[in-house]
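Reproduced below: model_1.cif, with mmCIF, C-alpha atoms.
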```cif
data_final
loop_
_atom_site.group_PDB
_atom_site.id
_atom_site.type_symbol
_atom_site.label_atom_id
_atom_site.label_comp_id
_atom_site.auth_asym_id
_atom_site.auth_seq_id
_atom_site.Cartn_x
_atom_site.Cartn_y
_atom_site.Cartn_z
ATOM 1 C CA LYS N 315 71.145 141.232 90.510
ATOM 2 C CA HIS N 316 74.919 140.934 90.912
ATOM 3 C CA SER N 317 74.859 137.483 92.464
ATOM 4 C CA ASP N 318 72.144 136.063 90.158
ATOM 5 C CA ILE N 319 70.167 134.800 93.183
ATOM 6 C CA ALA N 320 66.502 135.524 93.890
ATOM 7 C CA LEU N 321 64.358 134.661 96.903
ATOM 8 C CA LEU N 322 60.935 133.233 96.100
ATOM 9 C CA LYS N 323 58.131 132.235 98.440
ATOM 10 C CA VAL N 324 56.296 129.068 97.426
ATOM 11 C CA ASP N 325 52.778 128.689 98.799
ATOM 12 C CA ALA N 326 52.753 124.894 99.194
ATOM 13 C CA LYS N 327 52.845 122.310 101.944
ATOM 14 C CA GLY N 328 54.541 118.937 102.292
ATOM 15 C CA LEU N 329 57.600 119.848 100.226
ATOM 16 C CA LYS N 330 60.891 118.354 101.333
ATOM 17 C CA ALA N 331 63.868 120.709 101.207
ATOM 18 C CA ALA N 332 67.268 119.614 99.945
ATOM 19 C CA LYS N 333 70.016 119.512 102.561
ATOM 20 C CA ILE N 334 72.293 122.551 102.342
ATOM 21 C CA GLY N 335 76.002 121.800 102.585
ATOM 22 C CA SER N 336 78.983 124.141 102.572
ATOM 23 C CA SER N 337 81.021 125.188 99.581
ATOM 24 C CA LYS N 338 83.928 125.995 101.937
ATOM 25 C CA LYS N 339 84.686 122.280 102.233
ATOM 26 C CA LEU N 340 84.978 121.732 98.457
ATOM 27 C CA LYS N 341 88.250 120.557 96.973
ATOM 28 C CA VAL N 342 89.461 120.501 93.387
ATOM 29 C CA GLY N 343 88.941 117.004 91.995
ATOM 30 C CA GLN N 344 85.884 116.293 94.157
ATOM 31 C CA TRP N 345 82.953 114.601 92.380
ATOM 32 C CA VAL N 346 79.752 116.639 91.987
ATOM 33 C CA LEU N 347 76.293 116.163 90.452
ATOM 34 C CA ALA N 348 73.963 118.660 88.788
ATOM 35 C CA ILE N 349 70.215 118.373 88.386
ATOM 36 C CA GLY N 350 68.315 120.471 85.904
ATOM 37 C CA GLU N 351 66.085 120.665 82.893
ATOM 38 C CA PRO N 352 68.469 121.158 79.961
ATOM 39 C CA PHE N 353 66.609 121.933 76.752
ATOM 40 C CA GLY N 354 63.340 121.096 78.546
ATOM 41 C CA LEU N 355 64.343 117.531 79.513
ATOM 42 C CA ASP N 356 62.980 117.105 83.069
ATOM 43 C CA TYR N 357 65.034 115.689 85.960
ATOM 44 C CA THR N 358 68.327 115.368 84.108
ATOM 45 C CA VAL N 359 71.327 114.432 86.266
ATOM 46 C CA THR N 360 74.918 114.970 85.129
ATOM 47 C CA HIS N 361 78.191 114.403 86.955
ATOM 48 C CA GLY N 362 81.763 115.644 86.905
ATOM 49 C CA ILE N 363 84.515 117.016 89.094
ATOM 50 C CA VAL N 364 85.356 120.382 90.581
ATOM 51 C CA SER N 365 87.949 121.929 88.260
ATOM 52 C CA ALA N 366 88.701 125.158 90.161
ATOM 53 C CA LEU N 367 87.467 127.181 93.128
ATOM 54 C CA GLY N 368 87.058 130.942 93.430
ATOM 55 C CA ARG N 369 87.045 131.380 89.651
ATOM 56 C CA SER N 370 86.464 134.942 88.459
ATOM 57 C CA LEU N 371 84.821 135.493 85.114
ATOM 58 C CA PRO N 372 85.160 138.506 82.822
ATOM 59 C CA ASN N 373 82.603 141.201 83.635
ATOM 60 C CA ASP N 374 81.656 139.514 86.924
ATOM 61 C CA GLN N 375 83.211 140.979 90.049
ATOM 62 C CA TYR N 376 80.904 139.624 92.728
ATOM 63 C CA VAL N 377 80.966 135.837 92.594
ATOM 64 C CA PRO N 378 83.971 133.520 93.106
ATOM 65 C CA PHE N 379 82.487 130.663 91.046
ATOM 66 C CA ILE N 380 82.935 126.926 91.452
ATOM 67 C CA GLN N 381 84.226 125.721 88.083
ATOM 68 C CA SER N 382 83.414 122.136 87.165
ATOM 69 C CA ASP N 383 83.172 119.915 84.135
ATOM 70 C CA VAL N 384 79.575 118.944 84.949
ATOM 71 C CA ALA N 385 77.476 119.088 81.776
ATOM 72 C CA ILE N 386 75.307 122.193 82.120
ATOM 73 C CA ASN N 387 73.179 123.474 79.246
ATOM 74 C CA PRO N 388 70.406 126.034 78.794
ATOM 75 C CA GLY N 389 67.733 124.997 81.289
ATOM 76 C CA ASN N 390 70.155 124.000 84.052
ATOM 77 C CA SER N 391 70.570 127.535 85.446
ATOM 78 C CA GLY N 392 69.242 127.819 88.977
ATOM 79 C CA GLY N 393 69.465 124.092 89.582
ATOM 80 C CA PRO N 394 71.484 122.567 92.408
ATOM 81 C CA LEU N 395 75.059 121.341 92.352
ATOM 82 C CA PHE N 396 75.383 118.462 94.843
ATOM 83 C CA ASN N 397 78.338 116.853 96.574
ATOM 84 C CA MET N 398 78.399 113.064 96.873
ATOM 85 C CA ASP N 399 76.696 113.292 100.290
ATOM 86 C CA GLY N 400 73.580 114.717 98.596
ATOM 87 C CA GLU N 401 74.147 118.221 99.967
ATOM 88 C CA VAL N 402 73.607 121.314 97.827
ATOM 89 C CA ILE N 403 76.990 123.025 97.534
ATOM 90 C CA GLY N 404 76.253 125.349 94.615
ATOM 91 C CA VAL N 405 73.685 126.897 92.303
ATOM 92 C CA ASN N 406 74.344 126.218 88.632
ATOM 93 C CA ALA N 407 74.682 129.573 86.944
ATOM 94 C CA GLN N 408 76.419 129.608 83.573
ATOM 95 C CA ILE N 409 78.696 127.968 81.069
ATOM 96 C CA PHE N 410 81.496 129.131 78.851
ATOM 97 C CA SER N 411 80.588 128.209 75.313
ATOM 98 C CA LYS N 412 81.278 129.277 71.771
ATOM 99 C CA SER N 413 78.483 127.052 70.451
ATOM 100 C CA GLY N 414 75.734 127.843 72.989
ATOM 101 C CA GLY N 415 75.985 124.327 74.449
ATOM 102 C CA TYR N 416 78.206 122.558 76.960
ATOM 103 C CA MET N 417 81.940 122.655 76.223
ATOM 104 C CA GLY N 418 83.353 121.361 79.512
ATOM 105 C CA LEU N 419 83.337 124.649 81.457
ATOM 106 C CA SER N 420 80.486 125.068 83.924
ATOM 107 C CA PHE N 421 80.197 127.636 86.700
ATOM 108 C CA SER N 422 78.146 127.476 89.891
ATOM 109 C CA ILE N 423 77.529 130.011 92.626
ATOM 110 C CA PRO N 424 78.910 128.663 95.935
ATOM 111 C CA ILE N 425 76.030 127.791 98.277
ATOM 112 C CA ASP N 426 77.571 129.799 101.133
ATOM 113 C CA ILE N 427 77.288 132.947 98.996
ATOM 114 C CA ALA N 428 73.789 132.041 97.792
ATOM 115 C CA MET N 429 72.560 131.459 101.352
ATOM 116 C CA ASN N 430 74.127 134.723 102.526
ATOM 117 C CA VAL N 431 72.166 136.513 99.802
ATOM 118 C CA VAL N 432 68.980 134.673 100.831
ATOM 119 C CA ASP N 433 69.483 135.603 104.499
ATOM 120 C CA GLN N 434 70.054 139.280 103.633
ATOM 121 C CA LEU N 435 67.001 139.356 101.365
ATOM 122 C CA LYS N 436 64.863 137.838 104.156
ATOM 123 C CA GLU N 437 66.155 140.299 106.748
ATOM 124 C CA ASN N 438 66.587 143.531 104.780
ATOM 125 C CA GLY N 439 64.919 143.044 101.406
ATOM 126 C CA ARG N 440 68.247 143.866 99.743
ATOM 127 C CA VAL N 441 71.882 142.755 99.688
ATOM 128 C CA GLU N 442 74.679 144.876 101.119
ATOM 129 C CA ARG N 443 78.236 144.235 99.972
ATOM 130 C CA GLY N 444 81.545 145.439 101.278
ATOM 131 C CA TYR N 445 83.483 147.757 99.010
ATOM 132 C CA LEU N 446 87.189 148.424 99.408
ATOM 133 C CA GLY N 447 87.604 150.658 96.379
ATOM 134 C CA VAL N 448 90.702 149.227 94.719
ATOM 135 C CA SER N 449 91.506 147.243 91.641
ATOM 136 C CA VAL N 450 94.491 144.953 91.915
ATOM 137 C CA LYS N 451 96.649 142.880 89.636
ATOM 138 C CA ASP N 452 98.495 139.682 90.433
ATOM 139 C CA MET N 453 102.145 139.764 91.331
ATOM 140 C CA THR N 454 104.381 138.266 88.629
ATOM 141 C CA ASP N 455 107.975 137.094 88.911
ATOM 142 C CA GLU N 456 109.129 140.143 86.954
ATOM 143 C CA LEU N 457 107.230 142.554 89.206
ATOM 144 C CA ALA N 458 108.497 140.810 92.350
ATOM 145 C CA GLN N 459 112.073 141.292 91.133
ATOM 146 C CA SER N 460 111.461 144.972 90.407
ATOM 147 C CA PHE N 461 110.143 145.450 93.981
ATOM 148 C CA ASP N 462 113.013 143.392 95.487
ATOM 149 C CA LEU N 463 110.632 140.757 96.823
ATOM 150 C CA PRO N 464 111.974 137.232 97.409
ATOM 151 C CA LYS N 465 108.990 135.614 95.626
ATOM 152 C CA ALA N 466 105.933 136.527 93.565
ATOM 153 C CA THR N 467 103.240 136.798 96.226
ATOM 154 C CA GLY N 468 100.497 139.273 96.952
ATOM 155 C CA ALA N 469 98.646 141.754 94.775
ATOM 156 C CA ILE N 470 99.610 145.175 93.469
ATOM 157 C CA VAL N 471 97.158 148.050 93.823
ATOM 158 C CA ALA N 472 96.472 149.205 90.263
ATOM 159 C CA SER N 473 93.933 151.940 91.007
ATOM 160 C CA ILE N 474 92.003 153.454 93.901
ATOM 161 C CA ASP N 475 88.526 154.955 93.809
ATOM 162 C CA LYS N 476 88.523 158.457 95.262
ATOM 163 C CA GLY N 477 86.634 158.694 98.532
ATOM 164 C CA SER N 478 86.559 154.917 99.006
ATOM 165 C CA ALA N 479 87.584 153.088 102.189
ATOM 166 C CA ALA N 480 90.945 152.270 100.566
ATOM 167 C CA ASP N 481 91.539 155.943 99.751
ATOM 168 C CA GLU N 482 90.606 157.041 103.265
ATOM 169 C CA ALA N 483 92.862 154.345 104.775
ATOM 170 C CA GLY N 484 95.841 155.686 102.818
ATOM 171 C CA LEU N 485 96.351 152.919 100.254
ATOM 172 C CA ARG N 486 98.215 154.116 97.163
ATOM 173 C CA VAL N 487 98.741 152.871 93.620
ATOM 174 C CA SER N 488 101.677 150.393 93.522
ATOM 175 C CA ASP N 489 101.192 149.361 97.153
ATOM 176 C CA ILE N 490 101.625 145.617 97.536
ATOM 177 C CA ILE N 491 99.013 143.787 99.578
ATOM 178 C CA LEU N 492 100.585 140.730 101.224
ATOM 179 C CA GLU N 493 97.866 139.853 103.736
ATOM 180 C CA PHE N 494 94.528 140.962 105.092
ATOM 181 C CA LYS N 495 92.523 140.385 108.251
ATOM 182 C CA GLY N 496 95.587 140.991 110.351
#
```
As structure tokens, the full file:
Amino acid sequence: KHSDIALLKVDAKGLKAAKIGSSKKLKVGQWVLAIGEPFGLDYTVTHGIVSALGRSLPNDQYVPFIQSDVAINPGNSGGPLFNMDGEVIGVNAQIFSKSGGYMGLSFSIPIDIAMNVVDQLKENGRVERGYLGVSVKDMTDELAQSFDLPKATGAIVASIDKGSAADEAGLRVSDIILEFKG
């Protein structure tokens, strides 16, 4: 539900699978292709570049999207996003639009996340996600000055969920997170 990925079993033989790449190797400015069925038009291919990586969208806290300017319209969702080596590096998911059609902002689920979801669904029938239990806000120059930091880096803990791992570990509101995994 949260990642917008489903696992389906297709009862067919002789189908050739697309080669799965890695979204970890993507770079902003890299050329990408999308294949889909926008507005019911079969086998439509569009191209563009990666505009941003790890893009968060309002009301979506689970997927760090690949943002591109690939033309995606209704009917493209669920289709592959390819790199120029023909490897699937994303699953086309949504657009930002005021008109209902393409406006230059397309978002794809990174293939590494999609495949992790697929693997968990195969193994467990459900997806388990880590949960720290904090909300954070970005450090600004003004906040860095008020905390006597030499530069605006890190994230400030804005709130902590009671009973969460963050609460049990002793994190507090206004703590500044400078690094993790070490």
Quick one: distance from CA of Val487 in chain N to CA of Ser449 in chain N in Å, one decimal?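 Result for CA of Val487 in chain N versus CA of Ser449 in chain N: 9.4 Å, one decimal.
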Return as AutoDock Vina command-line options the centre and edge lengths, in Å with one decimal, of the box along x, y and z that encloses every atom of range 316-326 of chain N in the file, padded by 6 Å per side.
```
--center_x 63.8 --center_y 132.9 --center_z 94.7 --size_x 34.2 --size_y 28.0 --size_z 21.0
```
Have a look at CA of Arg443 in chain N and CA of Ser422 in chain N and let me know their distance in Å, one decimal.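 Going from CA of Arg443 in chain N over to CA of Ser422 in chain N, I get 19.6 Å.
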Within 7 Å of range 381-397 of chain N, counting all atoms listed in the file, which residues show up once you throw out same-chain ones fewer than 5 positions away? Write them as a tab-separated table (two decimals) with C-alpha atoms, in the frame of the given file, please.
```tsv
chain	number	residue	atom	x	y	z
N	345	TRP	CA	82.95	114.60	92.38
N	346	VAL	CA	79.75	116.64	91.99
N	347	LEU	CA	76.29	116.16	90.45
N	348	ALA	CA	73.96	118.66	88.79
N	349	ILE	CA	70.22	118.37	88.39
N	350	GLY	CA	68.32	120.47	85.90
N	351	GLU	CA	66.08	120.66	82.89
N	352	PRO	CA	68.47	121.16	79.96
N	353	PHE	CA	66.61	121.93	76.75
N	354	GLY	CA	63.34	121.10	78.55
N	360	THR	CA	74.92	114.97	85.13
N	361	HIS	CA	78.19	114.40	86.96
N	362	GLY	CA	81.76	115.64	86.90
N	363	ILE	CA	84.52	117.02	89.09
N	364	VAL	CA	85.36	120.38	90.58
N	365	SER	CA	87.95	121.93	88.26
N	366	ALA	CA	88.70	125.16	90.16
N	367	LEU	CA	87.47	127.18	93.13
N	369	ARG	CA	87.04	131.38	89.65
N	402	VAL	CA	73.61	121.31	97.83
N	403	ILE	CA	76.99	123.02	97.53
N	404	GLY	CA	76.25	125.35	94.62
N	405	VAL	CA	73.68	126.90	92.30
N	406	ASN	CA	74.34	126.22	88.63
N	407	ALA	CA	74.68	129.57	86.94
N	408	GLN	CA	76.42	129.61	83.57
N	409	ILE	CA	78.70	127.97	81.07
N	415	GLY	CA	75.98	124.33	74.45
N	416	TYR	CA	78.21	122.56	76.96
N	418	GLY	CA	83.35	121.36	79.51
N	419	LEU	CA	83.34	124.65	81.46
N	420	SER	CA	80.49	125.07	83.92
N	421	PHE	CA	80.20	127.64	86.70
N	422	SER	CA	78.15	127.48	89.89
```
Interatomic distance (Å, one decimal) between CA of Asp455 in chain N and CA of Ala472 in chain N: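 We find that CA of Asp455 in chain N and CA of Ala472 in chain N lie 16.8 Å from each other.
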Identify, on the basis of only C-alpha atoms, every residue whose closest approach to Asn430 in chain N does not exceed 9 Å; exclude the query and any residue fewer than 5 positions from it along the same chain; express the result as a PyMOL selection string. chain N and resi 425+435+441
Nearest residue to Gly468 in chain N out of N:Ala483, N:Ile490, N:Ile427, N:Gly439, using all atoms listed in the file?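 Once distances to Gly468 in chain N are computed over all atoms listed in the file, the minimum belongs to N:Ile490.
Under the PyMOL selection byres ((chain N and resi 484) around 12), the matching residues in the shown file are Leu446, Gly447, Val448, Val471, Ile474, Asp475, Lys476, Gly477, Ser478, Ala479, Ala480, Asp481, Glu482, Ala483, Leu485, Arg486, Val487 and Asp489 of chain N.
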Selection: 12 Å around range 458-465 of chain N, only C-alpha atoms, excl. self and same-chain fewer than 4 positions, as number ranges by chain: N: 452-454, 469-470, 488-490, 492
